[in-house]
Each structure stands twice: as structure tokens, then as C-alpha cells.
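Note sheet for the following structure.
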Amino acid sequence: MIDERIAFLFFATIALAGAVNVVVRRNPVHGALWLVASFLGVAGLFLTLGAGLLAAIQVMVYAGAIMVLFLFVILLLNLEAPPFEGLSLARGASLLAAIATAALLVWPFVRDPELKHAATPQVDLPATAGNVAGLLFTKYALPFEIVSLLLLVAMVGAIHVARRPRRDEPA
Amino acid sequence: MVPQNWYLLLSALLFGLGIVGFVSRRNSLVMFMSVELMLNAANLVFVACARGHEPVRGSVAALFVIAVAAAEVAVGLALVLALFRLKKSVNADDAQELRA
């Protein structure tokens with residue numbers, strides 16, 4: 001199918017361009033907006049993979065809620081445009097580390113031709129909202145509850161950490 | 001049908017970009033965004049690898065990752081706010097009191 005290939009290239013380009021600009025842009029507001037582009041590209045890739053529910057959640061939670069949080073904090077801090085951070089040893093080392101990690105992730109597919117040409121078998125249970133919910137609320141009910149508890153703890157912790165200290169207590 | 005390794009290659013690239021951003025940038029907000037990039041790349045691997053076997057489980061795993069990422073962002077941004085209140089800066093190099 002040539003259509004899926006075109007869709008893949010289109011969304012992959014968006015995701016990669018967004019990711020590059022997140023790293024490169026000096027102004028964090030620009031970085032956050034490019035991050036939205038990257039998230040939307042990955043959401044499109046989820047669609048081409050047949051995970052429509054996940055694509056919708058990606059757009060709502062990542063591109064919506066999380067990015068709004070980022071932008072709120074950036075606006076709240078009211079930062080001036082930062083100067084160029086400069087080229088350093090750490091930057092060169094980070095580039096090397098990233099290339100090494102990416103190569104390590106890709107290496108099995110280069111080495112093992114059987115894995116490289118692995119055919120994708122067809123499955124009869126697609127990742128629709130109903131099927132995902134059926135698994136999430138039966139087999140994975142306990143992890144689901146634990147994650148909801150984690151979100152509650154994170155919310156309480158975030159409020160406590162970000163709260164302005166009272167006058168009678170040390171900062 | 002797009003081969004699975006295209007997706008794996010793409011997510012390796014996204015993950016590598018996330019590493020570059022996290023290690024080389026000193027603005028803690030951008031560092032958090034890079035962590036989000038890496039988590040997103042991991043999600044892509046979950047869904048791409050599950051496609052041929054059990055797509056439903058891949059989606060469930062990715063859902064858990066998204067929930068954990070949301071919790072991480074909430075706490076992390078609260079820490080950035082607290083750091084800014086203390087140091088008037090979001091530069092990670094300005095908080096080095098624990099350095100020996």
C-alpha cells in the first residue's frame with residue numbers, strides 16, 4: 001500500500017522536524033510549540049498504526065494538557081530571551097552519546113536480516129476503544145488503579161512543592 | 001504496509017534527539033521537554049511492535065506511559081517553579097549546592 005507509506009513519511013517528517021527544533025530553539029516558547037508539532041506527528045503515526053484511541057489521547061493529553069502546563073509555567077516565569085549557551089565539551093559528548101544510543105537501538109536490525117524482513121502477521125483484535133477498555137478494566141485493573149493513585153500523589157506533591165511558603169515557616 | 005523497522009528507526013532517532021536535548025541544554029524547561037520526546041519515542045515502539053502481535057496490549061502499555069509522563073510533568077514543573085522562586089533562574093547550572 002503506497003498510501004500508508006506516504007502517510008508515514010509525512011508524519012515522520014513532522015515528528016522529526018519538531019524534535020530537532022525543540023533541541024535547537026533558544027526560546028523555550030518556540031521549543032514548546034515545536035514540541036506540539038512533534039506530538040501531533042507521532043499522533044498521526046499512531047493513526048497509521050491503527051491505534052486511533054491512542055492518537056486521540058495523545059492529542060488531548062500531550063498536545064493539549066501537558067503543553068498547556070508547559071506554556072503556563074513559561075508565561076508565569078516571564079523569562080527574557082536567553083543568550084546562546086555556547087558550544088561546550090558537554091554538547092559534543094551529548095551528541096556522541098545520542099548517536100551511540102540510536103546506533104545501539106538500530107544495530108539488531110542491521111545485523112539480523114531475519115528480523116529486518118520480519119513480516120507482520122495479521123491479527124483479528126484491533127486496538128479499538130472498546131477492546132482497549134476491555135483489557136484495561138479487567139486484566140490490567142490493578143495497574144490502572146495504581147496509576148490513578150500515582151496521578152493523585154503527583155498532584156498533591158506538585159501543589160505542595162509549588163506552593164508559596166507561609167510567612168512563619170522558613171522557605 | 002510500512003515495515004516495522006521504519007517505525008523503530010524513527011523512534012531511535014527521536015530518542016536520540018531527546019538525549020541530545022536533555023544532556024546539552026541547560027534550561028530546565030527544555031530538559032523536561034526532551035524527556036517528553038524520549039517517552040514519546042518509547043510509546044511509538046510499544047505501538048509499532050504490538051501491531052503484528054497484540055495491538056490492544058501495545059495501546060494499554062502506551063496509555064500507562066502517557067499517565068506516568070503526565071505525573072512526571074506536573075511534579076517537574078512544580079520543581080522548576082520552586083527553583084525559580086529560590087534562584088530567580090531556570091538554568092540547571094545555577095543549582096549546584098549539592099556538588100562536592
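Letters A, B, ... mark the chains of the C-alpha cells in the order given; residue numbers begin at 1 per chain; ligand numbers begin at 1, in order shown.
In plain terms, chain A touches chain B through Met1, Arg5, Val23, Arg91, Ser94, Leu95, Ala98, Ala102, Thr120, Pro121, Ala127, Val132, Leu151, Ala154, Ala158, Val161 and Ala162 of chain A, where touching means an atom at most 6 Å away, counting only C-alpha atoms.
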Using N, CA and C atoms, can you write the selected residues to a file as a PDB file, in the first residue's frame?
```
ATOM      1  N   MET A   1       0.844  -1.210   0.000  1.00  0.00           N
ATOM      2  CA  MET A   1       0.000   0.000   0.000  1.00  0.00           C
ATOM      3  C   MET A   1       0.868   1.244   0.000  1.00  0.00           C
ATOM      4  N   ARG A   5       2.595   4.425   3.179  1.00  0.00           N
ATOM      5  CA  ARG A   5       3.982   4.866   3.122  1.00  0.00           C
ATOM      6  C   ARG A   5       4.059   6.386   3.068  1.00  0.00           C
ATOM      7  N   VAL A  23      15.138  20.883  20.397  1.00  0.00           N
ATOM      8  CA  VAL A  23      16.505  20.875  20.913  1.00  0.00           C
ATOM      9  C   VAL A  23      17.242  22.153  20.519  1.00  0.00           C
ATOM     10  N   ARG A  91      28.297  19.394  25.139  1.00  0.00           N
ATOM     11  CA  ARG A  91      27.423  19.294  23.971  1.00  0.00           C
ATOM     12  C   ARG A  91      27.942  18.270  22.981  1.00  0.00           C
ATOM     13  N   SER A  94      27.324  14.911  24.406  1.00  0.00           N
ATOM     14  CA  SER A  94      25.923  14.512  24.342  1.00  0.00           C
ATOM     15  C   SER A  94      25.563  14.025  22.946  1.00  0.00           C
ATOM     16  N   LEU A  95      26.108  14.700  21.941  1.00  0.00           N
ATOM     17  CA  LEU A  95      25.845  14.274  20.563  1.00  0.00           C
ATOM     18  C   LEU A  95      26.380  12.861  20.339  1.00  0.00           C
ATOM     19  N   ALA A  98      24.168  10.361  22.120  1.00  0.00           N
ATOM     20  CA  ALA A  98      22.903  10.155  21.423  1.00  0.00           C
ATOM     21  C   ALA A  98      23.095   9.280  20.194  1.00  0.00           C
ATOM     22  N   ALA A 102      21.320   5.665  19.616  1.00  0.00           N
ATOM     23  CA  ALA A 102      20.489   5.388  18.446  1.00  0.00           C
ATOM     24  C   ALA A 102      21.062   4.213  17.657  1.00  0.00           C
ATOM     25  N   THR A 120       4.722  -8.765   9.156  1.00  0.00           N
ATOM     26  CA  THR A 120       3.795  -8.508  10.245  1.00  0.00           C
ATOM     27  C   THR A 120       2.571  -9.383  10.066  1.00  0.00           C
ATOM     28  N   PRO A 121       2.342 -10.327  11.002  1.00  0.00           N
ATOM     29  CA  PRO A 121       1.169 -11.182  10.886  1.00  0.00           C
ATOM     30  C   PRO A 121      -0.111 -10.390  11.140  1.00  0.00           C
ATOM     31  N   ALA A 127      -6.976  -2.492  17.918  1.00  0.00           N
ATOM     32  CA  ALA A 127      -6.898  -1.685  19.150  1.00  0.00           C
ATOM     33  C   ALA A 127      -7.968  -0.603  19.136  1.00  0.00           C
ATOM     34  N   VAL A 132      -9.494  -1.940  23.979  1.00  0.00           N
ATOM     35  CA  VAL A 132      -8.507  -1.434  24.938  1.00  0.00           C
ATOM     36  C   VAL A 132      -9.140  -1.314  26.315  1.00  0.00           C
ATOM     37  N   LEU A 151      -1.117   9.425  39.939  1.00  0.00           N
ATOM     38  CA  LEU A 151      -1.508  10.762  39.481  1.00  0.00           C
ATOM     39  C   LEU A 151      -1.974  11.615  40.650  1.00  0.00           C
ATOM     40  N   ALA A 154       1.072  12.648  42.583  1.00  0.00           N
ATOM     41  CA  ALA A 154       1.803  13.676  41.839  1.00  0.00           C
ATOM     42  C   ALA A 154       1.103  15.020  41.963  1.00  0.00           C
ATOM     43  N   ALA A 158       2.813  18.129  43.623  1.00  0.00           N
ATOM     44  CA  ALA A 158       3.059  19.331  42.817  1.00  0.00           C
ATOM     45  C   ALA A 158       2.513  20.561  43.521  1.00  0.00           C
ATOM     46  N   VAL A 161       4.864  21.358  46.452  1.00  0.00           N
ATOM     47  CA  VAL A 161       6.183  21.878  46.088  1.00  0.00           C
ATOM     48  C   VAL A 161       6.079  23.299  45.538  1.00  0.00           C
ATOM     49  N   ALA A 162       5.046  23.552  44.707  1.00  0.00           N
ATOM     50  CA  ALA A 162       4.958  24.839  44.025  1.00  0.00           C
ATOM     51  C   ALA A 162       4.309  25.911  44.884  1.00  0.00           C
TER      52      ALA A 162
END
```
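Of the residues listed (A:Ala7, A:Gly52, A:Pro108, A:Phe70), A:Phe70 shows the shortest atom-to-atom separation from Gly31 of chain A; distances use only C-alpha atoms.
Computed from the coordinates, the atom CA of Asn27 of chain A to atom CA of Leu79 of chain A distance equals 9.2 Å.
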Margin query: If I take atom CA of Ile146 of chain A and atom CA of Gly134 of chain A, how far is one from the other in Å, to one decimal?
Written below: 17.5 Å
Next item on the list: Please provide as a ChimeraX atom specification all residues within 12 Å of Leu75 of chain A, with the sequence filter that same-chain residues fewer than 6 positions apart are discarded (counting only C-alpha atoms).
Entry: /A:28-29,32,68-69 /B:29,81
Residues of chain B classed as alpha helix (DSSP H) by DSSP on the backbone are to be reported as a short mmCIF file (atom, residue, chain, number, x, y, z; two decimals) with C-alpha atoms, in the first residue's frame.
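Below you can see states16.cif, which holds the result:
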```cif
data_model
loop_
_atom_site.label_atom_id
_atom_site.label_comp_id
_atom_site.auth_asym_id
_atom_site.auth_seq_id
_atom_site.Cartn_x
_atom_site.Cartn_y
_atom_site.Cartn_z
CA GLN B 4 8.19 -2.21 11.29
CA ASN B 5 11.84 -1.16 11.28
CA TRP B 6 10.95 2.20 9.76
CA TYR B 7 9.00 2.94 12.90
CA LEU B 8 11.78 1.59 15.11
CA LEU B 9 14.37 3.66 13.24
CA LEU B 10 12.25 6.77 13.61
CA SER B 11 11.76 6.24 17.32
CA ALA B 12 15.50 5.62 17.76
CA LEU B 13 16.09 9.00 16.08
CA LEU B 14 13.51 10.72 18.27
CA PHE B 15 15.01 9.13 21.37
CA GLY B 16 18.49 10.26 20.32
CA LEU B 17 17.26 13.82 19.83
CA GLY B 18 15.74 13.66 23.29
CA ILE B 19 19.10 12.61 24.73
CA VAL B 20 20.86 15.46 22.92
CA GLY B 21 18.35 17.94 24.31
CA PHE B 22 18.49 16.59 27.84
CA VAL B 23 22.27 16.46 28.10
CA SER B 24 23.28 19.54 26.15
CA SER B 28 15.42 23.01 32.80
CA LEU B 29 12.16 23.57 30.88
CA VAL B 30 13.78 22.42 27.64
CA MET B 31 15.32 19.49 29.50
CA PHE B 32 11.81 18.42 30.56
CA MET B 33 10.57 18.74 27.00
CA SER B 34 13.40 16.46 25.88
CA VAL B 35 12.31 13.85 28.43
CA GLU B 36 8.83 14.04 26.92
CA LEU B 37 10.37 13.41 23.49
CA MET B 38 12.06 10.28 24.79
CA LEU B 39 8.88 8.97 26.44
CA ASN B 40 7.03 9.60 23.20
CA ALA B 41 9.62 7.63 21.24
CA ALA B 42 9.15 4.73 23.67
CA ASN B 43 5.39 4.89 23.08
CA LEU B 44 5.96 4.66 19.35
CA VAL B 45 8.00 1.48 19.85
CA PHE B 46 5.25 -0.04 22.03
CA VAL B 47 2.58 0.56 19.41
CA ALA B 48 4.73 -0.36 16.40
CA CYS B 49 5.92 -3.64 17.91
CA ALA B 50 2.47 -4.59 19.13
CA PRO B 55 -2.27 -4.25 19.21
CA VAL B 56 -4.53 -3.88 22.25
CA ARG B 57 -1.74 -4.56 24.71
CA GLY B 58 0.53 -2.10 22.97
CA SER B 59 -2.08 0.60 23.38
CA VAL B 60 -2.56 -0.27 27.07
CA ALA B 61 1.20 -0.04 27.72
CA ALA B 62 1.41 3.29 25.89
CA LEU B 63 -1.53 4.57 27.94
CA PHE B 64 0.35 3.80 31.16
CA VAL B 65 3.43 5.61 29.81
CA ILE B 66 1.30 8.67 29.00
CA ALA B 67 -0.16 8.69 32.52
CA VAL B 68 3.29 8.44 34.11
CA ALA B 69 4.54 11.22 31.82
CA ALA B 70 1.68 13.45 32.92
CA ALA B 71 2.54 12.84 36.59
CA GLU B 72 6.21 13.50 35.89
CA VAL B 73 5.47 16.79 34.13
CA ALA B 74 3.25 18.02 36.99
CA VAL B 75 5.91 17.35 39.64
CA GLY B 76 8.77 18.50 37.42
CA LEU B 77 7.20 21.84 36.56
CA ALA B 78 6.40 22.40 40.24
CA LEU B 79 10.10 21.81 40.97
CA VAL B 80 11.06 24.29 38.24
CA LEU B 81 8.74 26.86 39.81
CA ALA B 82 10.23 26.26 43.27
CA LEU B 83 13.75 26.51 41.83
CA PHE B 84 12.88 29.77 40.09
CA ARG B 85 11.49 31.20 43.32
CA LEU B 86 14.73 30.33 45.08
CA LYS B 87 17.29 31.25 42.40
#
```
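When only C-alpha atoms are used to measure the gap to Ala15 of chain A, the shortest distance among A:Ala51, A:Leu125, A:Leu40, A:Ala141 belongs to A:Leu40.
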Check: Please, what distance in Å, to one decimal, runs between atom CA of Leu98 of chain B and atom CA of Ala90 of chain A?
Finding: 19.8 Å
